[in-house]
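Below: the structure, in structure tokens.
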Amino acid sequence: MEADAVPETQGSTNPAGPDGPQSRNSVVICQAVGRSIFTSSVSSAAGRVGFLLQKEEGKEASCPVLFIQLNELFSTPDGLLWKQTARWIKFEEKVEDGGERWSKPHITALSLHSLFELRTCIKKGTVLLLVAEASNALMLLFCVQEKVIATQIDAPALRPEVRKKLMSVLLCTPQHHTTKSQLRRVAELGALKNQFQKKIPAEAEVSNILVGEVDFLEKPFIAFIRLQEAVGLGALTEVAFPSRFLFILLGPRAKVKAYHEIGRAVATVLTDELFQRVACQAQDREDLIAGIDEFLDELTVLPPGKWDPTTRIPPPKCLPSPHKRISMHLREWKSHCNGNVSAADDRHIHGHQPVSEELQRTGRLFGGLVKDIRRKAPWYWSDFYDALNIQCFSAILYIYLATVTNAITFGGMLGDATDNMQGVLESFLGTAIAGAVFCLFAGQPLTILSSTGPVLVFERLLFSFSKDYSLDYLEFRFWIGLWVAFFGLILVATEASYLVQYFTRFTEEGFCALISFIFIYDAVKKMLSLADSFPVNWDYKINDVTLYGCICNSSGTGRSGLPPVGRVPQGLEAANWSLLTRTECLRVGGHLVGNSCNYVPDITFMAFILFLGTFLCSMTLKSFKTSRYFPTALRKLVSDFSIILAILIFCGIDAILGLETPKLIVPSEFKPTNSQRGWVVFPLGVNPWWVCLLSAVPAVLVIILIFMDQQITAVILNRKEYRLQKGAGFHLDLFCVSLLMILTSVTGLPWYVSATVISLAHMDSLKKESTTSAPGEQPKFLGIREQRLTGLAVFILTGVSVFLAPVLKYIPMPVLYGVFLYMGVAALNSIQFMDRIQLLLMPAKHQPDFMYLRHVPLRRVHLFTLIQMLCLAALWILKSTVAAIIFPVMLLALVGIRKAMECIFSQQDLSWLDDIMPEKDRKEEEEKLQRSQEKEESDSEDSEFLYQEKGPEINISVN
């Protein structure tokens, strides 16, 4: 391998190049800071590669995926034959020895010597770039043979008879799969193509590698060909995609498997994203050699004797982004050219996040709202037809059941807290109206509106205050709602959503963890309360079974123990009271007496089986798409419908066993829960006139709560990792919530805001994954199916649920509580906070290799986690005590606590553990940075001729 000791100028003339003969001579290839210990610079490989990458920088389309096929020459009784022995998309698959099947995809393990041999092949063989004369396999092979003979120094050695034999070998029949029967071969090959071709992107191209031994050649025949336009080569390739590259290596008998290993080396190098780009842009053989050198420079070698080479290394679950690697390579090359690392890269490394377009202030009243409307308007109709997918149907059923359960749960708690001024029916109606309106007009329709725990706490305190001071609760609440809406509109007008950028991961995770724990706590609390409704007889003893009984008794019985005449059901006049059923006993005015009257032995335990079974089944089926069993389409379908399947399975189990477990209770009549109220709240009634002014004080706390709850949820849903394409609408969302506050306050319905856990569950049910993943590659996350129809359908179904009571009454409540538990756990698993809590319990040697652990001392990580846990504990205590009135202020205080942590942690630590908070002078810094970058680029152009002088070279031969 060659290594150049000092900087040198690389120039090349290529008449076939797109920019003319002198296009490369006028460009200086800057030398990167070296990786050799003997000099400050290295060979020209990094410079050549950097130059080629810079040429395609800014282009929209990258190199297409390459399907690489290795064909080897075999001698059979019928003559020579090309047989396919391996294939690559990202990982290697071999034809097993029996020829009946493909091996599992695995990472290619190469000998270092084969790569050196490949480099020699490229250096000494024929390199044909931009071949355009071929339109089919026959023409291509004739063209290749002629050009190879014309360019080889020892061309006279290829006598006419040798050339004829060579062409005959190249045109031998290819065989892609070894089978016993010709009919079976056709059938299996057709099935193979149909199934396998689905895993390859439609725009993919093929690289054909042909290697083998022949007895009529004295020296190797080597050719590397790149076609100007990809063309189909017929039966030469396994899949019907056009070919871009062709590598031919034929020669006399050599060391065992030498040609085979070189062919595998070519295929492996071509699977590398960096080398693919070099090969697509290369203008001569030196560019290809530079690409191989860069490949070797990043190569990791496993020493012999320390591992078993026959072991096939399975593909990793997560691959590093090739685009990130190429960008870093290009940025490194540019930085060495400019002599320093740009400030922009340095800021990026330290976690500086630029202000998103949705949060940039316009300086005009309602300017942010107008921008949100203009941004979302072009996507409005696509928000409906993008929902035409079976995955959306699954999401509708899942979120509908979650929303109904949430409405019943919070409706019941609101009824208990407000003497049924707001009950289950009001919860159903309000959820349906507010949710449907929000999904139709909001900026982020994936958000699910619902009653939340913090809002419920405030409602309870407000009712208690109204009762203590003899105020009409609904009227007092009406004026608070109007003030909240007024304050919300002021926040929208002044673009206060700009403050969302101060909600870093610290604040988001604290709030998300709180809401998730509320879901888990409520689910477990409801299940434990079943033990009170259906007590377990812990004192039951099998030997005392005759002592247990429960009979009907009444003080109105006579001496004989018979019930009074005329009150006994027909047919039981002469029967004893002990023969009456519980229902009959209560109907005739009796009461139950006995040790086992309240003993229902199976209900509580059965309820817990349904509860935990639904939770575990949901978790299992959700991860079923990564299972090894059944086809991919079936696994994905099961995963998409995992929650619905779990609910149906355990509803079926409950129905089969026939136990009287508690069922879902849905209102069957459309009337207010409390008969003393109507559907419209009158603003001036019982309360004094000054109450409308006093209401502004608690409204300040409510608007803080609404703003924090709404915007934190919006920030979580619009994070970059979800890859949303249609943009956010922070101002528009807050505007819709403010208007809905007026509607719900006038009608006396519950207040609604974004529900973090249910919204996250909604997005999780709409995740899109690639369907053309390579063998061995995990499906890629492509984003979220952004649309309005699923949320709209959920809330419409919630509204008509009053009429679905005959069907919904068969759903056991423990099953729905299991769904609640699943949503809470799933939301917790999605935040880094839980990973750091687990680190507190792990010895250092067993800790996962998280990226932040490489850059932040472990004690600093634990300190950050402990502070976050203390904040979460404080929020929980405030929510659960009489001090809950200041809960909204505490939420706002999280931002101040995070700001104060900059006195404890360095910006470097916070960049890995959290997001960097914005500074006042950020815009000025960015403008100053842009001006300095423009000046550096200008200086670089003026000084490019300083490197024209070529220095001496140190050549280390690979031979």
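Going through the structure tokens in order, the chains are called A, B, and so on, while each chain numbers its residues from 1 and the ligands are numbered from 1 in the order shown.
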
_Which residues are close to A:Val686, i.e. within 12 Å by only C-alpha atoms, leaving aside same-chain residues fewer than 2 positions away? Reply as a ChimeraX atom specification._
/A:466,470-476,681-684,688-692

Would you mind exporting the chosen residues as an mmCIF file, in the first residue's frame, restricted to N, CA and C atoms?
data_model
loop_
_atom_site.group_PDB
_atom_site.id
_atom_site.type_symbol
_atom_site.label_atom_id
_atom_site.label_comp_id
_atom_site.auth_asym_id
_atom_site.auth_seq_id
_atom_site.Cartn_x
_atom_site.Cartn_y
_atom_site.Cartn_z
ATOM 1 N N SER A 466 -65.451 26.230 46.038
ATOM 2 C CA SER A 466 -66.804 26.724 45.780
ATOM 3 C C SER A 466 -67.770 26.269 46.871
ATOM 4 N N SER A 470 -69.762 28.749 49.453
ATOM 5 C CA SER A 470 -71.146 28.810 48.961
ATOM 6 C C SER A 470 -71.242 29.469 47.591
ATOM 7 N N LEU A 471 -70.365 29.082 46.690
ATOM 8 C CA LEU A 471 -70.390 29.589 45.323
ATOM 9 C C LEU A 471 -70.915 28.516 44.389
ATOM 10 N N ASP A 472 -71.571 28.958 43.321
ATOM 11 C CA ASP A 472 -72.012 28.005 42.315
ATOM 12 C C ASP A 472 -70.805 27.540 41.512
ATOM 13 N N TYR A 473 -70.551 26.240 41.589
ATOM 14 C CA TYR A 473 -69.320 25.687 40.993
ATOM 15 C C TYR A 473 -69.258 25.910 39.489
ATOM 16 N N LEU A 474 -70.303 25.562 38.758
ATOM 17 C CA LEU A 474 -70.267 25.661 37.299
ATOM 18 C C LEU A 474 -70.179 27.117 36.838
ATOM 19 N N GLU A 475 -70.862 28.017 37.564
ATOM 20 C CA GLU A 475 -70.796 29.437 37.186
ATOM 21 C C GLU A 475 -69.398 29.995 37.440
ATOM 22 N N PHE A 476 -68.834 29.654 38.606
ATOM 23 C CA PHE A 476 -67.469 30.088 38.924
ATOM 24 C C PHE A 476 -66.491 29.534 37.888
ATOM 25 N N VAL A 681 -74.457 26.700 30.890
ATOM 26 C CA VAL A 681 -74.182 27.373 32.161
ATOM 27 C C VAL A 681 -74.451 28.865 31.980
ATOM 28 N N PHE A 682 -75.280 29.423 32.855
ATOM 29 C CA PHE A 682 -75.593 30.854 32.768
ATOM 30 C C PHE A 682 -74.539 31.641 33.538
ATOM 31 N N PRO A 683 -73.994 32.697 32.920
ATOM 32 C CA PRO A 683 -72.869 33.417 33.541
ATOM 33 C C PRO A 683 -73.247 34.215 34.781
ATOM 34 N N LEU A 684 -74.464 34.735 34.857
ATOM 35 C CA LEU A 684 -74.868 35.574 35.984
ATOM 36 C C LEU A 684 -76.053 34.912 36.658
ATOM 37 N N PRO A 688 -72.032 36.313 43.332
ATOM 38 C CA PRO A 688 -71.945 37.784 43.263
ATOM 39 C C PRO A 688 -71.254 38.232 41.978
ATOM 40 N N TRP A 689 -71.450 39.496 41.600
ATOM 41 C CA TRP A 689 -70.916 40.003 40.341
ATOM 42 C C TRP A 689 -69.397 40.036 40.322
ATOM 43 N N TRP A 690 -68.795 40.225 41.521
ATOM 44 C CA TRP A 690 -67.334 40.358 41.561
ATOM 45 C C TRP A 690 -66.615 39.018 41.353
ATOM 46 N N VAL A 691 -67.359 37.916 41.331
ATOM 47 C CA VAL A 691 -66.736 36.602 41.098
ATOM 48 C C VAL A 691 -66.117 36.538 39.706
ATOM 49 N N CYS A 692 -66.740 37.222 38.723
ATOM 50 C CA CYS A 692 -66.189 37.197 37.366
ATOM 51 C C CYS A 692 -64.824 37.857 37.307
#

_Atom pair atom CA of A:Phe295 / atom CA of A:Leu274: separation (Å)_ =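 Between these atoms lies a distance of 8.2 Å.
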
Once you count only C-alpha atoms, what closest atom pair and distance in Å to one decimal does each residue of stretch 741-768 of chain A within 9 Å of stretch 814-832 of chain A have, with rows by chain and rising residue number, as CSV?
residue,atom,partner,partner_atom,distance
A:Thr756,CA,A:Ala827,CA,8.7
A:Val757,CA,A:Ala827,CA,6.2
A:Ile758,CA,A:Met823,CA,7.1
A:Leu760,CA,A:Ala827,CA,6.8
A:Ala761,CA,A:Met823,CA,6.4

Distance table requested - stretch 448-483 of chain A against stretch 778-799 of chain A, cut-off 12 Å, only C-alpha atoms: one row per qualifying residue with the closest atom pair and its distance in Å to one decimal, ordered by chain and rising residue number, as JSON lines.
{"residue": "A:Ile448", "atom": "CA", "partner": "A:Gly791", "partner_atom": "CA", "distance": 6.9}
{"residue": "A:Leu449", "atom": "CA", "partner": "A:Gly791", "partner_atom": "CA", "distance": 9.4}
{"residue": "A:Ser450", "atom": "CA", "partner": "A:Phe795", "partner_atom": "CA", "distance": 10.4}

*Restricting the calculation to only C-alpha atoms, which member of A:Ala417, A:Val593, A:Val802, A:Val807 is positioned closest to A:Ala432?*
A:Val802

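All residues of protein, DNA or RNA that reach within 6 Å of stretch 239-254 of chain A, judged by only C-alpha atoms and not counting those fewer than 5 positions away in the chain, are Glu205, Val206, Ser207, Asn208, Ile209, Leu210, Val211, Gly212, Glu213, Val214, Asp215, Leu217, Glu218, Lys219, Pro220, Phe221, Ile222, Ala223, Phe224, Ile225, Arg226, Leu227, Ala230, Val231 and Gly232 of chain A.
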
Residues from last step as file, N, CA and C atoms, as a PDB file, in the first residue's frame:
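Result file is result_28.pdb:
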ATOM      1  N   GLU A 205     -29.437  -1.055  -8.399  1.00  0.00           N
ATOM      2  CA  GLU A 205     -28.635  -1.470  -9.539  1.00  0.00           C
ATOM      3  C   GLU A 205     -27.800  -2.679  -9.143  1.00  0.00           C
ATOM      4  N   VAL A 206     -27.232  -3.332 -10.160  1.00  0.00           N
ATOM      5  CA  VAL A 206     -26.545  -4.611  -9.940  1.00  0.00           C
ATOM      6  C   VAL A 206     -25.064  -4.448 -10.224  1.00  0.00           C
ATOM      7  N   SER A 207     -24.269  -5.146  -9.431  1.00  0.00           N
ATOM      8  CA  SER A 207     -22.834  -5.305  -9.699  1.00  0.00           C
ATOM      9  C   SER A 207     -22.567  -6.789  -9.896  1.00  0.00           C
ATOM     10  N   ASN A 208     -22.046  -7.145 -11.058  1.00  0.00           N
ATOM     11  CA  ASN A 208     -21.758  -8.541 -11.384  1.00  0.00           C
ATOM     12  C   ASN A 208     -20.275  -8.811 -11.208  1.00  0.00           C
ATOM     13  N   ILE A 209     -19.947  -9.876 -10.512  1.00  0.00           N
ATOM     14  CA  ILE A 209     -18.560 -10.277 -10.289  1.00  0.00           C
ATOM     15  C   ILE A 209     -18.387 -11.678 -10.863  1.00  0.00           C
ATOM     16  N   LEU A 210     -17.463 -11.821 -11.803  1.00  0.00           N
ATOM     17  CA  LEU A 210     -17.196 -13.097 -12.466  1.00  0.00           C
ATOM     18  C   LEU A 210     -15.753 -13.483 -12.200  1.00  0.00           C
ATOM     19  N   VAL A 211     -15.538 -14.596 -11.509  1.00  0.00           N
ATOM     20  CA  VAL A 211     -14.180 -15.054 -11.212  1.00  0.00           C
ATOM     21  C   VAL A 211     -14.087 -16.544 -11.528  1.00  0.00           C
ATOM     22  N   GLY A 212     -12.906 -16.987 -11.918  1.00  0.00           N
ATOM     23  CA  GLY A 212     -12.725 -18.405 -12.198  1.00  0.00           C
ATOM     24  C   GLY A 212     -11.353 -18.726 -12.752  1.00  0.00           C
ATOM     25  N   GLU A 213     -11.062 -20.021 -12.841  1.00  0.00           N
ATOM     26  CA  GLU A 213      -9.787 -20.517 -13.354  1.00  0.00           C
ATOM     27  C   GLU A 213     -10.006 -21.156 -14.722  1.00  0.00           C
ATOM     28  N   VAL A 214      -9.072 -20.880 -15.651  1.00  0.00           N
ATOM     29  CA  VAL A 214      -9.103 -21.487 -16.990  1.00  0.00           C
ATOM     30  C   VAL A 214      -7.691 -21.962 -17.327  1.00  0.00           C
ATOM     31  N   ASP A 215      -7.602 -22.928 -18.215  1.00  0.00           N
ATOM     32  CA  ASP A 215      -6.298 -23.502 -18.526  1.00  0.00           C
ATOM     33  C   ASP A 215      -5.653 -22.897 -19.771  1.00  0.00           C
ATOM     34  N   LEU A 217      -5.173 -19.511 -20.249  1.00  0.00           N
ATOM     35  CA  LEU A 217      -4.554 -18.221 -19.962  1.00  0.00           C
ATOM     36  C   LEU A 217      -3.287 -18.415 -19.159  1.00  0.00           C
ATOM     37  N   GLU A 218      -2.243 -17.664 -19.547  1.00  0.00           N
ATOM     38  CA  GLU A 218      -0.986 -17.727 -18.806  1.00  0.00           C
ATOM     39  C   GLU A 218      -0.912 -16.651 -17.734  1.00  0.00           C
ATOM     40  N   LYS A 219      -1.630 -15.548 -17.968  1.00  0.00           N
ATOM     41  CA  LYS A 219      -1.669 -14.456 -16.993  1.00  0.00           C
ATOM     42  C   LYS A 219      -3.131 -14.093 -16.732  1.00  0.00           C
ATOM     43  N   PRO A 220      -3.403 -13.527 -15.562  1.00  0.00           N
ATOM     44  CA  PRO A 220      -4.792 -13.185 -15.240  1.00  0.00           C
ATOM     45  C   PRO A 220      -5.369 -12.164 -16.214  1.00  0.00           C
ATOM     46  N   PHE A 221      -6.634 -12.357 -16.524  1.00  0.00           N
ATOM     47  CA  PHE A 221      -7.409 -11.412 -17.318  1.00  0.00           C
ATOM     48  C   PHE A 221      -8.281 -10.645 -16.327  1.00  0.00           C
ATOM     49  N   ILE A 222      -7.999  -9.355 -16.142  1.00  0.00           N
ATOM     50  CA  ILE A 222      -8.641  -8.557 -15.088  1.00  0.00           C
ATOM     51  C   ILE A 222      -9.298  -7.342 -15.735  1.00  0.00           C
ATOM     52  N   ALA A 223     -10.537  -7.063 -15.338  1.00  0.00           N
ATOM     53  CA  ALA A 223     -11.230  -5.878 -15.841  1.00  0.00           C
ATOM     54  C   ALA A 223     -12.235  -5.392 -14.806  1.00  0.00           C
ATOM     55  N   PHE A 224     -12.212  -4.091 -14.566  1.00  0.00           N
ATOM     56  CA  PHE A 224     -13.227  -3.434 -13.720  1.00  0.00           C
ATOM     57  C   PHE A 224     -13.954  -2.437 -14.620  1.00  0.00           C
ATOM     58  N   ILE A 225     -15.266  -2.612 -14.784  1.00  0.00           N
ATOM     59  CA  ILE A 225     -16.027  -1.814 -15.737  1.00  0.00           C
ATOM     60  C   ILE A 225     -17.142  -1.078 -14.999  1.00  0.00           C
ATOM     61  N   ARG A 226     -17.291   0.190 -15.319  1.00  0.00           N
ATOM     62  CA  ARG A 226     -18.437   0.970 -14.867  1.00  0.00           C
ATOM     63  C   ARG A 226     -19.184   1.485 -16.091  1.00  0.00           C
ATOM     64  N   LEU A 227     -20.458   1.180 -16.186  1.00  0.00           N
ATOM     65  CA  LEU A 227     -21.260   1.596 -17.326  1.00  0.00           C
ATOM     66  C   LEU A 227     -21.772   3.016 -17.118  1.00  0.00           C
ATOM     67  N   ALA A 230     -26.833   2.391 -16.589  1.00  0.00           N
ATOM     68  CA  ALA A 230     -27.103   1.022 -16.170  1.00  0.00           C
ATOM     69  C   ALA A 230     -28.018   0.343 -17.190  1.00  0.00           C
ATOM     70  N   VAL A 231     -27.658  -0.891 -17.567  1.00  0.00           N
ATOM     71  CA  VAL A 231     -28.431  -1.635 -18.555  1.00  0.00           C
ATOM     72  C   VAL A 231     -28.713  -3.029 -18.015  1.00  0.00           C
ATOM     73  N   GLY A 232     -29.816  -3.614 -18.458  1.00  0.00           N
ATOM     74  CA  GLY A 232     -30.137  -4.975 -18.079  1.00  0.00           C
ATOM     75  C   GLY A 232     -29.294  -5.979 -18.842  1.00  0.00           C
TER      76      GLY A 232
END

*Can you tell me, as a list in words, what residues are no more than 12 Å from A:Ala900 when counting only C-alpha atoms, ignoring any on the same chain fewer than 6 positions away?*
Ile867, Ala893, Leu894, Ser906, Leu910 and Met917 of chain A

Go ahead and dump the residues you just picked, C-alpha atoms, as a CSV table (one decimal), in the first residue's frame.
chain,number,residue,atom,x,y,z
A,867,ILE,CA,-31.9,15.9,40.5
A,893,ALA,CA,-40.2,26.0,37.8
A,894,LEU,CA,-38.7,23.0,36.1
A,906,SER,CA,-20.6,22.0,32.1
A,910,LEU,CA,-25.4,19.0,29.3
A,917,MET,CA,-30.8,26.0,26.3
